[in-house]
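Student: Input upload.txt, format and content: compact mmCIF, C-alpha atoms and all ligand atoms.
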```
# COMPACT_ATOMS: atom_id res chain seq x y z
CA MET A 1 67.60 220.78 66.51
CA THR A 2 66.62 218.70 63.48
CA VAL A 3 64.35 220.13 60.77
CA ARG A 4 61.55 217.95 62.08
CA GLU A 5 62.01 219.16 65.66
CA GLU A 6 62.01 222.78 64.49
CA ILE A 7 58.80 222.15 62.54
CA GLU A 8 57.16 220.62 65.62
CA GLN A 9 58.14 223.59 67.76
CA LEU A 10 56.91 226.16 65.22
CA LYS A 11 53.66 224.27 64.77
CA GLN A 12 52.94 224.72 68.49
CA GLU A 13 54.02 228.37 68.53
CA LYS A 14 51.98 229.27 65.45
CA ASN A 15 48.99 227.00 66.14
CA ALA A 16 49.59 225.28 62.81
CA VAL A 17 48.63 221.92 61.32
CA ILE A 18 50.18 220.05 58.37
CA LEU A 19 48.05 218.34 55.70
CA ALA A 20 49.61 216.13 53.01
CA HIS A 21 48.44 214.23 49.95
CA TYR A 22 49.59 210.64 49.42
CA TYR A 23 51.65 211.72 46.39
CA VAL A 24 54.16 213.83 48.35
CA ARG A 25 57.58 212.48 49.38
CA PRO A 26 57.61 209.90 52.22
CA GLU A 27 59.60 212.24 54.47
CA VAL A 28 56.86 214.85 54.08
CA GLN A 29 54.08 212.31 54.70
CA GLU A 30 55.87 211.38 57.93
CA ILE A 31 55.70 214.97 59.19
CA ALA A 32 52.01 215.50 58.36
CA ASP A 33 49.23 215.55 60.95
CA TYR A 34 46.68 214.45 58.37
CA ILE A 35 47.42 212.50 55.23
CA GLY A 36 44.89 211.39 52.65
CA ASP A 37 43.32 211.70 49.23
CA SER A 38 41.77 214.89 47.86
CA PHE A 39 38.33 214.20 49.33
CA TYR A 40 39.58 213.41 52.83
CA LEU A 41 41.83 216.47 52.84
CA SER A 42 39.05 218.82 51.69
CA LYS A 43 36.74 217.52 54.43
CA ILE A 44 39.47 217.88 57.04
CA ALA A 45 40.39 221.38 55.83
CA ALA A 46 36.80 222.53 56.33
CA GLY A 47 36.76 221.75 60.05
CA LEU A 48 40.20 222.31 61.59
CA LYS A 49 40.65 224.11 64.90
CA GLU A 50 44.22 225.32 64.21
CA GLN A 51 44.71 228.82 62.80
CA THR A 52 47.33 227.98 60.15
CA ILE A 53 47.15 225.16 57.59
CA VAL A 54 50.36 224.12 55.83
CA PHE A 55 49.11 222.28 52.77
CA CYS A 56 51.59 219.81 51.28
CA GLY A 57 49.97 219.40 47.91
CA VAL A 58 49.39 221.29 44.69
CA SER A 59 47.77 224.71 44.35
CA PHE A 60 44.15 223.63 43.78
CA MET A 61 44.30 221.86 47.17
CA GLY A 62 45.48 224.99 48.98
CA GLU A 63 42.87 227.07 47.16
CA SER A 64 40.09 224.67 48.17
CA ALA A 65 41.25 224.77 51.80
CA LYS A 66 41.16 228.58 51.74
CA VAL A 67 37.74 228.63 50.07
CA LEU A 68 36.30 226.32 52.74
CA SER A 69 38.12 227.98 55.66
CA PRO A 70 38.41 231.68 54.79
CA GLY A 71 39.41 232.73 58.29
CA LYS A 72 42.49 230.49 58.28
CA THR A 73 45.98 231.17 57.00
CA VAL A 74 46.82 228.60 54.31
CA LEU A 75 50.51 228.24 53.45
CA MET A 76 51.94 226.30 50.50
CA PRO A 77 55.48 224.94 51.06
CA ASP A 78 56.19 225.42 47.33
CA ALA A 79 54.13 228.05 45.55
CA SER A 80 55.05 226.62 42.15
CA ALA A 81 53.50 223.17 42.84
CA ASP A 82 50.58 223.11 40.44
CA CYS A 83 48.42 220.47 38.75
CA ALA A 84 48.57 220.65 34.95
CA MET A 85 45.08 219.19 34.62
CA ALA A 86 43.59 221.92 36.83
CA HIS A 87 43.87 224.34 33.87
CA MET A 88 42.56 222.05 31.12
CA ALA A 89 39.07 223.51 30.74
CA ASP A 90 37.72 227.00 30.19
CA ALA A 91 34.77 229.21 31.07
CA GLU A 92 33.86 229.88 27.42
CA THR A 93 33.37 226.16 26.69
CA ILE A 94 31.24 225.83 29.83
CA ARG A 95 29.10 228.74 28.64
CA ARG A 96 28.65 227.14 25.21
CA MET A 97 27.68 223.79 26.74
CA ARG A 98 25.11 225.47 28.96
CA GLU A 99 23.60 227.04 25.84
CA LYS A 100 23.66 223.81 23.87
CA TYR A 101 22.23 221.39 26.45
CA ASP A 102 19.22 221.91 28.63
CA ASP A 103 19.06 220.15 31.97
CA LEU A 104 22.87 220.31 32.17
CA ALA A 105 25.00 219.98 35.31
CA VAL A 106 28.60 221.15 35.08
CA VAL A 107 30.52 218.69 37.25
CA CYS A 108 34.00 219.87 38.15
CA TYR A 109 36.71 217.52 39.35
CA ILE A 110 38.31 219.13 42.40
CA ASN A 111 41.60 219.05 40.44
CA SER A 112 40.76 222.42 38.88
CA THR A 113 41.38 226.10 39.52
CA ALA A 114 38.98 228.14 41.67
CA GLU A 115 38.27 230.06 38.45
CA LEU A 116 36.87 226.88 36.86
CA LYS A 117 34.99 225.89 40.01
CA ARG A 118 33.16 229.23 40.08
CA HIS A 119 31.50 228.37 36.75
CA SER A 120 30.49 224.87 37.87
CA ASP A 121 27.47 223.42 39.66
CA VAL A 122 29.18 220.85 41.83
CA CYS A 123 32.67 219.58 42.57
CA VAL A 124 33.64 215.93 42.87
CA THR A 125 36.75 213.96 43.71
CA SER A 126 37.70 210.53 42.43
CA ALA A 127 36.37 209.11 45.73
CA ASN A 128 32.83 210.49 45.43
CA ALA A 129 32.22 211.31 41.73
CA VAL A 130 29.97 208.30 41.05
CA LYS A 131 27.81 208.90 44.12
CA ILE A 132 27.44 212.62 43.40
CA VAL A 133 26.68 212.31 39.68
CA LYS A 134 24.06 209.66 40.50
CA ALA A 135 22.46 212.00 43.03
CA LEU A 136 22.15 214.93 40.60
CA PRO A 137 18.68 215.45 39.12
CA ASN A 138 20.15 216.50 35.73
CA ARG A 139 20.25 214.18 32.76
CA ASN A 140 23.15 215.87 30.91
CA ILE A 141 26.55 216.02 32.58
CA PHE A 142 29.42 218.19 31.35
CA PHE A 143 32.37 216.74 33.23
CA ILE A 144 35.51 218.91 33.48
CA PRO A 145 38.50 218.79 33.21
CA ASP A 146 39.37 215.04 33.20
CA ARG A 147 38.08 212.92 30.32
CA ASN A 148 39.39 209.67 31.84
CA LEU A 149 37.58 210.12 35.14
CA ALA A 150 34.52 211.26 33.17
CA HIS A 151 34.60 208.06 31.17
CA PHE A 152 34.89 205.91 34.30
CA VAL A 153 31.94 207.72 35.94
CA SER A 154 29.86 207.46 32.75
CA GLN A 155 30.24 203.69 32.84
CA MET A 156 29.06 203.58 36.44
CA VAL A 157 26.14 205.92 35.74
CA PRO A 158 24.88 204.76 32.31
CA GLU A 159 21.50 206.45 32.72
CA LYS A 160 23.08 209.92 32.19
CA ASN A 161 24.38 211.57 29.04
CA PHE A 162 28.02 212.65 29.38
CA VAL A 163 29.64 215.50 27.50
CA TYR A 164 33.43 215.14 27.63
CA ASN A 165 36.20 217.67 27.97
CA GLU A 166 39.69 216.94 26.64
CA GLY A 167 41.65 217.30 29.91
CA TYR A 168 43.89 214.66 31.44
CA CYS A 169 46.51 214.10 34.11
CA PRO A 170 49.94 213.86 32.39
CA VAL A 171 51.15 211.42 35.08
CA HIS A 172 48.28 208.91 34.79
CA GLU A 173 47.80 209.38 31.05
CA LYS A 174 51.27 207.92 30.44
CA MET A 175 50.32 204.50 31.79
CA SER A 176 49.73 202.04 28.98
CA ARG A 177 47.81 198.80 28.66
CA GLU A 178 50.94 197.10 27.26
CA GLU A 179 53.07 197.80 30.32
CA ILE A 180 50.30 196.64 32.66
CA LEU A 181 49.98 193.44 30.62
CA ARG A 182 53.75 192.93 30.89
CA ALA A 183 53.55 193.50 34.66
CA LYS A 184 50.69 190.97 34.86
CA GLU A 185 52.81 188.45 32.99
CA ALA A 186 55.68 188.98 35.44
CA HIS A 187 53.33 188.80 38.46
CA PRO A 188 50.41 186.57 37.46
CA ASP A 189 48.93 186.43 40.99
CA ALA A 190 48.88 190.20 41.43
CA GLU A 191 45.67 192.20 41.38
CA VAL A 192 45.68 195.43 39.34
CA LEU A 193 44.63 198.53 41.29
CA THR A 194 44.02 201.61 39.17
CA HIS A 195 43.23 205.27 39.67
CA PRO A 196 40.37 206.46 37.38
CA GLU A 197 42.63 209.20 35.96
CA CYS A 198 44.26 206.36 33.95
CA PRO A 199 43.26 205.77 30.32
CA GLU A 200 40.26 203.54 29.60
CA ALA A 201 42.53 200.79 28.16
CA VAL A 202 44.23 200.45 31.57
CA CYS A 203 40.96 200.59 33.56
CA GLU A 204 39.56 197.77 31.39
CA ILE A 205 42.18 195.29 32.62
CA SER A 206 42.04 196.33 36.28
CA ASP A 207 40.59 194.45 39.25
CA TYR A 208 39.79 197.61 41.17
CA ILE A 209 39.38 201.26 40.13
CA GLY A 210 39.28 203.97 42.77
CA SER A 211 40.86 206.98 44.44
CA THR A 212 44.20 206.74 46.21
CA SER A 213 42.41 206.04 49.52
CA GLY A 214 40.22 203.50 47.77
CA ILE A 215 43.32 201.73 46.42
CA ILE A 216 44.89 201.63 49.88
CA HIS A 217 41.72 200.27 51.53
CA TYR A 218 41.25 197.69 48.79
CA ALA A 219 44.83 196.42 49.22
CA GLU A 220 44.33 196.18 52.99
CA GLU A 221 41.10 194.19 52.67
CA SER A 222 42.02 191.96 49.73
CA SER A 223 43.10 188.37 50.30
CA ALA A 224 45.69 188.80 47.50
CA GLY A 225 49.33 189.21 48.50
CA GLU A 226 50.60 191.13 45.46
CA PHE A 227 49.37 194.18 43.59
CA ILE A 228 50.23 196.12 40.45
CA VAL A 229 49.49 199.72 41.36
CA CYS A 230 48.51 202.14 38.58
CA THR A 231 48.79 205.55 40.18
CA GLU A 232 51.44 208.00 41.37
CA SER A 233 54.11 206.09 43.26
CA GLY A 234 53.88 208.23 46.43
CA VAL A 235 51.10 205.87 47.64
CA ARG A 236 53.74 203.15 48.01
CA HIS A 237 54.69 204.63 51.40
CA GLU A 238 51.22 204.21 52.95
CA LEU A 239 50.62 200.87 51.20
CA GLU A 240 53.82 199.38 52.64
CA LYS A 241 53.12 200.86 56.05
CA ARG A 242 49.62 199.41 56.24
CA CYS A 243 50.36 196.11 54.49
CA PRO A 244 53.95 195.16 55.43
CA ASP A 245 53.49 191.56 54.27
CA LYS A 246 52.13 192.41 50.82
CA LYS A 247 54.07 193.27 47.66
CA PHE A 248 53.43 196.32 45.49
CA TYR A 249 54.69 196.73 41.94
CA PHE A 250 54.55 199.94 39.94
CA THR A 251 54.81 200.32 36.19
CA GLU A 252 58.25 200.31 34.51
CA THR A 253 58.26 204.07 34.21
CA GLU A 254 57.39 204.68 37.86
CA PRO A 255 54.74 207.42 37.68
CA LEU A 256 55.84 210.59 39.46
CA CYS A 257 54.01 213.89 39.87
CA MET A 258 57.01 216.22 39.96
CA ASP A 259 54.88 219.08 41.33
CA MET A 260 53.97 217.02 44.40
CA LYS A 261 57.62 216.04 44.76
CA THR A 262 58.84 219.65 44.97
CA ILE A 263 57.65 219.77 48.59
CA THR A 264 60.36 219.07 51.16
CA PRO A 265 60.58 219.29 54.98
CA GLU A 266 62.92 222.29 54.55
CA LYS A 267 60.24 224.16 52.57
CA ILE A 268 57.64 223.38 55.24
CA LEU A 269 59.99 224.81 57.85
CA HIS A 270 60.57 227.90 55.71
CA VAL A 271 56.89 228.80 55.34
CA LEU A 272 56.24 228.16 59.02
CA LYS A 273 59.08 230.54 59.90
CA THR A 274 58.27 233.27 57.39
CA GLY A 275 54.58 232.97 56.50
CA ASP A 276 55.62 232.98 52.82
CA ASN A 277 53.39 231.54 50.06
CA GLU A 278 50.09 232.35 51.74
CA VAL A 279 47.04 231.49 49.60
CA CYS A 280 45.07 234.69 48.93
CA LEU A 281 41.84 234.67 46.97
CA ASP A 282 39.63 237.43 45.69
CA GLU A 283 36.49 237.50 47.88
CA VAL A 284 34.01 237.23 44.97
CA LEU A 285 35.94 234.31 43.48
CA ARG A 286 36.06 232.65 46.89
CA GLU A 287 32.30 232.98 47.44
CA GLN A 288 31.48 231.70 43.95
CA SER A 289 33.84 228.71 44.06
CA LYS A 290 32.63 227.81 47.58
CA LYS A 291 29.16 226.84 46.33
CA PRO A 292 30.18 223.79 44.23
CA LEU A 293 32.64 222.68 46.92
CA GLU A 294 30.00 222.87 49.65
CA LYS A 295 27.53 221.07 47.42
CA MET A 296 30.09 218.29 47.05
CA LEU A 297 30.50 217.98 50.82
CA GLU A 298 26.71 217.91 51.24
CA LEU A 299 26.01 215.33 48.49
CA ALA A 300 28.92 213.10 49.49
CA GLU A 301 27.58 212.70 53.05
P1 LIG B 401 42.74 211.49 44.67
O1 LIG B 401 43.41 212.20 45.77
O2 LIG B 401 41.28 211.85 44.61
O3 LIG B 401 42.95 210.02 44.68
O4 LIG B 401 43.30 212.08 43.29
C1 LIG B 401 44.55 211.90 42.84
C2 LIG B 401 45.19 213.11 42.32
O5 LIG B 401 45.60 213.19 41.21
C3 LIG B 401 45.36 214.21 43.20
O6 LIG B 401 45.94 215.20 42.52
FE1 LIG B 402 47.51 216.83 38.90
FE2 LIG B 402 48.13 214.46 37.95
FE3 LIG B 402 49.78 215.60 39.69
FE4 LIG B 402 47.36 214.71 40.48
S1 LIG B 402 49.07 213.49 39.71
S2 LIG B 402 48.29 216.67 40.99
S3 LIG B 402 46.12 215.13 38.66
S4 LIG B 402 49.28 216.35 37.61
```
Re-express the file's structure as structure tokens.

Tutor:
Amino acid sequence: MTVREEIEQLKQEKNAVILAHYYVRPEVQEIADYIGDSFYLSKIAAGLKEQTIVFCGVSFMGESAKVLSPGKTVLMPDASADCAMAHMADAETIRRMREKYDDLAVVCYINSTAELKRHSDVCVTSANAVKIVKALPNRNIFFIPDRNLAHFVSQMVPEKNFVYNEGYCPVHEKMSREEILRAKEAHPDAEVLTHPECPEAVCEISDYIGSTSGIIHYAEESSAGEFIVCTESGVRHELEKRCPDKKFYFTETEPLCMDMKTITPEKILHVLKTGDNEVCLDEVLREQSKKPLEKMLELAE
């Protein structure tokens, strides 16, 4: 039997389902039952009928799935796959901001630990952050951990006062305006599609800014035939699948999230066989971090 056939068989036996983010390897995306961006995957994780969820993504994704579906077994193919940005804020700073600003909402990008979520008022993803921040009654917004996404949202919601936190995604942060300009010179008809985790200087010269799903939908709908894509290069797989006649260019230093890339079909098979790398959360932490996640799902409706 091939690895894929073994995975299929174990999935039936163990009543399991496989979720994957667009940044994982193509061979993992091909095995997944559901593939999407962080928002789609969190919505899906909250309403699955299967008993076991194998989450092909980084740890905050598995944690969120467990928080939203406490009765399920959530398995991570690689327990070391983590998101550096998820740790780039702290409870003490949140406490100080709450003291300093009245009418403050602490808005937490889903790319954060459950520990950070528990101190926040609402979670957002790159797909729904603008809508949710607009819907909040508060005038002051402390946006954690990502300063680049915070800046993008602040431009879309100018009526609110943003307090920034110095977190960033190391993969998107590396993209520079100069290399995008060089790519534009090489492909003058291409539209620039950018994830809001990119620096402001890159967003400024983009035709579209949105989540990974947003980028894929935009490319499908656009009349353009070529695109310069400013996000992790795992999305190439879905872009080429959905738009076989269009061309996609990535930056010279093709952006790779090595944590996402640690996940392989063999590791999926291993956790299905053994039950290793189960996500376990303290019950108080789970209850507290559930509130901002549920508020996100409610406000994003
Ligand atoms: P989205 O899935 O919201 O596009 O975010 C990208 C990302 O960095 C996930 O870790
Ligand atoms: Fe985190 Fe960046 Fe990797 Fe996304 S791409 S998981 S934000 S390190």

Student: Just the residues within 7 Å of A:Ile144, please, counting all atoms listed in the file, with nothing from its chain fewer than 4 positions along; format it as a VMD selection string.

Tutor: chain A and resid 89 107 to 109 165

Student: Do you know which residues lie at most 12 Å from (25.3, 226.0, 30.6), with coordinates as in the file and all atoms listed in the file counted, and could you write them as number ranges by chain?

Tutor: A: 91-107, 119-121, 138, 140-143, 163

Student: Any residue with an atom at most 8 Å from ligand LIG 401 (chain B) counts, using all atoms listed in the file. Which are they? Put them as a list in words.

Tutor: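 Using all atoms listed in the file, I find these residues within 8 Å of ligand LIG 401 (chain B): His21, Tyr22, Tyr23, Gly36, Asp37, Ser38, Phe39, Gly57, Val58, Cys83, Asn111, Thr125, Ser126, Ala127, Cys169, His195, Glu197, Gly210, Ser211, Thr212, Ser213, Gly214 and Glu232 of chain A.
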
Student: Pick out the residues sitting within 10 Å of A:Thr262, and hand them over as a list of chain:residue names; count all atoms listed in the file, and ignore anything fewer than 2 positions along from it in its own chain.

Tutor: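 Surrounding residues, per the criterion: A:Val24, A:Arg25, A:Cys56, A:Gly57, A:Val58, A:Pro77, A:Asp78, A:Ala79, A:Ser80, A:Ala81, A:Cys257, A:Met258, A:Asp259, A:Met260, A:Thr264, A:Lys267.
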
Student: Within 8 Å of A:Leu281, counting all atoms listed in the file, which residues show up once you throw out same-chain ones fewer than 4 positions away? Write them as a list of chain:residue names, please.

Tutor: A:Glu63, A:Lys66, A:Val67, A:Leu285, A:Arg286

Student: With C-alpha atoms retained, write the just-selected residues as a CSV table (one decimal), in the frame of the given file.

Tutor:
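Output file part06.csv follows:
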```
chain,number,residue,atom,x,y,z
A,63,GLU,CA,42.9,227.1,47.2
A,66,LYS,CA,41.2,228.6,51.7
A,67,VAL,CA,37.7,228.6,50.1
A,285,LEU,CA,35.9,234.3,43.5
A,286,ARG,CA,36.1,232.6,46.9
```

Student: Quick one: residues within 9 Å of (29.6, 227.8, 54.9) (file frame), counting only C-alpha atoms, please, as a PDB file with C-alpha atoms, keeping the file's coordinate frame.

Tutor:
```pdb
ATOM      1  CA  LEU A  68      36.300 226.320  52.740  1.00  0.00           C
ATOM      2  CA  SER A  69      38.120 227.980  55.660  1.00  0.00           C
ATOM      3  CA  LYS A 290      32.630 227.810  47.580  1.00  0.00           C
ATOM      4  CA  LYS A 291      29.160 226.840  46.330  1.00  0.00           C
ATOM      5  CA  GLU A 294      30.000 222.870  49.650  1.00  0.00           C
TER       6      GLU A 294
END
```
